[in-house]
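Data first, discussion second: the structure below is written as structure tokens.
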Amino acid sequence: MPEAGLLTHAPERADGMHHHRPVILVVDDERGVHEFCHAVLGDQYDVLGAHDGPAALATLDSHTVDLVLLDLRLPGVYGLEMLAQINDTRPQLKVIILTAVMSVRTAVEAMKNGAFHYLTKPFSGEELCLLIKEALRSDRDDACFLPRRHLTSRHPQGPGASVLFVGSALGPLVALKLVLEQYVMADVAANTTIALRWLSHHLPALLVVHESLLSADSTRLVRIVQSMALACPVLLLAGSAPNCQLPAELASLPMYRLTGDPGSLDRLLRELIEVLAIRHMVAAPPPTFSSYVVKALSYISIHYSEALQVNTVAEAIGVSVGHLAHLFPVELRVTVKEYVTKVRIEVAKQLLYQRGYTLDHIAEKVGFSDASHLSRVFLRYAGYRPGTYRRYILSS
């Protein structure tokens, strides 16, 4: 077996020329993993090895690498930090996570930081080879001028699978997306056109259609999704009257129905998590939120474009500023101010699909003072400016 860290040379062809073989870097502190990878991959790939973060970075600086197999538990550094560093400096380099234990939250964080996928130890040689082939084959598909950590994974199953919310009621749908992201990747599309753009690059694990989408558009979208992914559940998020009749176009389609009202966010999230758990998409227990947090989320989903402060929200829902300021970080891991900003940025992303909307107009609609303010905050939260994001989404 070649020594870890040394390149296995490509075999020489009959004409004396060397043909290029993809180069894979294995970053793991277990010698057995290196031996296994060399034994399984050595016939098809040139395999490099590193036992810690500094050695891996040095290898990346000195060799052209096509794919990295990265252990999450490395001496002196957490694997997600290493992943983020690789993605910042080499955004097109594919990384597959290797780990003994992968929680849902860690999986989502890994995908956000640019991981292509992950394998849980112990894994088979067949699993490893299939995933590597898929990662290398998708290089051309993933090429774009935005870092990959800002894009959702294309995988319909596993940690990269996404829930897609579709409807023009952006405030409530964004609220569901932001909270559900603690458990699984999620996205929002304001209309069928945006949803179809999204579907051209992804397969959803769950489609949630809000009643604000026109029934004809809902029918078309549901039929398209069910033709693409027959096992994908479709949920209709309807109004608060559980017995009202569905439009005939929707009633004839196989779909579930959820009802919602301003105080039902907690229940809706529980039902969504239960559907995902049945689909083996999440392992986490359903979320529970205090009544004040639920009221605050509902209030912000309606009033996000206004001049919201913590005291504004607290007064509106009848709780002290201090208590609300304490509850948000505990239950949502963000402050009230950070959550309001996230809602505004997510809504702005949808409005950027509208070519006729200027940045000043979008800033006004989501609660920022002007286009410059929107651009600064968008860059801080999304990692790029709104103009860059608009050019990407409208050209993809």
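Residue numbering restarts at 1 in every chain; chains get A, B, ... in the order shown in the structure tokens, and ligands count up from 1 in that same order.
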Would you list the contacts of Ala56 (chain A) as number ranges by chain, taking every protein, DNA or RNA residue within 12 Å and counting only C-alpha atoms, but skipping same-chain residues closer than 3 positions in sequence?
-> A: 4-6, 24-29, 48-53, 59-63, 65, 68-71, 74-75, 77, 79, 82-83, 85-86
In Å, with one decimal, what is the gap from CA of Leu130 (chain A) to CA of Glu30 (chain A)?
->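 Separation of CA of Leu130 (chain A) and CA of Glu30 (chain A): 22.2 Å.
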List the neighbours of region 205-217 of chain A out to 6 Å using only C-alpha atoms; skip same-chain residues closer than 2 positions along the sequence, and give me the result as a compact mmCIF listing (two decimals) with C-alpha atoms, in the first residue's frame.
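The new file out_19.txt reads:
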# COMPACT_ATOMS: atom_id res chain seq x y z
CA ALA A 161 -32.97 16.32 0.78
CA SER A 162 -35.18 19.41 0.96
CA VAL A 163 -38.67 20.49 1.85
CA LEU A 164 -40.10 22.95 -0.67
CA PHE A 165 -42.77 25.44 0.40
CA VAL A 166 -44.65 27.08 -2.49
CA GLY A 167 -47.00 30.04 -2.24
CA SER A 168 -47.22 33.80 -2.29
CA THR A 219 -52.52 21.22 -9.82
CA ARG A 220 -49.81 21.59 -12.44
CA CYS A 232 -42.75 12.52 -2.49
CA PRO A 233 -45.60 13.45 -0.14
CA VAL A 234 -47.57 16.59 -1.05
CA LEU A 235 -49.19 18.66 1.69
CA LEU A 236 -51.73 21.40 1.12
CA LEU A 237 -51.46 24.15 3.72
CA ALA A 238 -54.99 25.50 3.77
Which polymer residues have any atom within 12 Å of an atom of Arg333 (chain A), counting only C-alpha atoms, with same-chain residues fewer than 4 positions away left out, as a list of chain:residue names?
->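 Residues meeting the cut-off are A:Leu178, A:Val179, A:Glu181, A:Gln182, A:Ala325, A:His326, A:Leu327, A:Phe328, A:Pro329, A:Lys337, A:Glu338, A:Tyr339.
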Keeping C-alpha atoms for every residue in the selection just given, could you write it to a file as a PDB file, in the first residue's frame?
ATOM      1  CA  LEU A 178     -36.444  28.952   9.086  1.00  0.00           C
ATOM      2  CA  VAL A 179     -37.624  26.833  12.001  1.00  0.00           C
ATOM      3  CA  GLU A 181     -34.073  24.130   8.942  1.00  0.00           C
ATOM      4  CA  GLN A 182     -33.002  22.953  12.393  1.00  0.00           C
ATOM      5  CA  ALA A 325     -35.289  38.273  24.471  1.00  0.00           C
ATOM      6  CA  HIS A 326     -34.467  35.271  26.650  1.00  0.00           C
ATOM      7  CA  LEU A 327     -36.835  32.814  24.950  1.00  0.00           C
ATOM      8  CA  PHE A 328     -35.656  33.294  21.352  1.00  0.00           C
ATOM      9  CA  PRO A 329     -32.001  32.212  21.778  1.00  0.00           C
ATOM     10  CA  LYS A 337     -33.389  40.895  15.770  1.00  0.00           C
ATOM     11  CA  GLU A 338     -31.460  38.162  13.945  1.00  0.00           C
ATOM     12  CA  TYR A 339     -34.646  36.249  13.239  1.00  0.00           C
TER      13      TYR A 339
END
So how many Å separate CA of Arg344 (chain A) and CA of Val366 (chain A), to one decimal?
->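 That distance, rounded to one decimal, is 5.3 Å.
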Using only C-alpha atoms, the residue out of A:Gly32, A:Pro172, A:Pro91, A:Gly42 with shortest distance to Leu265 (chain A) is A:Pro172
Take CA of Leu297 (chain A) and CA of Ala175 (chain A) and report the distance between them in Å, one decimal.
->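 These atoms are spaced 6.8 Å apart.
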Determine, counting only C-alpha atoms, which protein, DNA and RNA residues have an atom within 8 Å of an atom of Ala363 (chain A); residues of the same chain fewer than 6 positions away are not included. Present the result as a list in words.
->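 Here the qualifying residues turn out to be Ala348, Ser369, Asp370, Ala371, His373 and Leu374 of chain A.
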Nearest to Asp66 (chain A) among A:Ser124, A:Ile273, A:Lys133, A:Glu35, with distances taken over only C-alpha atoms: which residue is it?
-> A:Lys133
Residues at most 9 Å from Ser372 (chain A), counting only C-alpha atoms, excluding those fewer than 4 positions away in the same chain, as a list in words?
->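 In the requested format, the answer is Leu359, Asp360, Ala363, Phe368, Arg376 and Val377 of chain A.
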Fewer than 2 positions away in the same chain doesn't count, so skip those; otherwise give me all residues within 12 Å of Ala307 (chain A), counting only C-alpha atoms, as a compact mmCIF listing (two decimals) with C-alpha atoms, in the first residue's frame.
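Okay, this is what ended up in around_16.txt:
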# COMPACT_ATOMS: atom_id res chain seq x y z
CA ILE A 300 -43.17 38.77 12.65
CA HIS A 303 -45.23 42.59 10.11
CA TYR A 304 -41.61 41.92 8.97
CA SER A 305 -41.67 44.94 6.61
CA GLN A 309 -37.76 46.06 17.44
CA VAL A 310 -37.79 43.57 20.29
CA ASN A 311 -39.98 45.90 22.34
CA THR A 312 -42.40 46.29 19.40
CA VAL A 313 -42.92 42.54 19.12
CA LYS A 337 -33.39 40.90 15.77
CA VAL A 340 -36.41 39.33 11.81
CA THR A 341 -33.40 39.94 9.57
CA ARG A 344 -36.46 39.78 5.50
CA GLU A 364 -38.85 49.00 1.04
CA LYS A 365 -41.05 45.89 0.80
CA VAL A 366 -38.96 43.91 3.30
CA GLY A 367 -38.23 46.65 5.83
CA PHE A 368 -34.78 48.02 4.95
CA SER A 369 -34.15 51.75 4.63
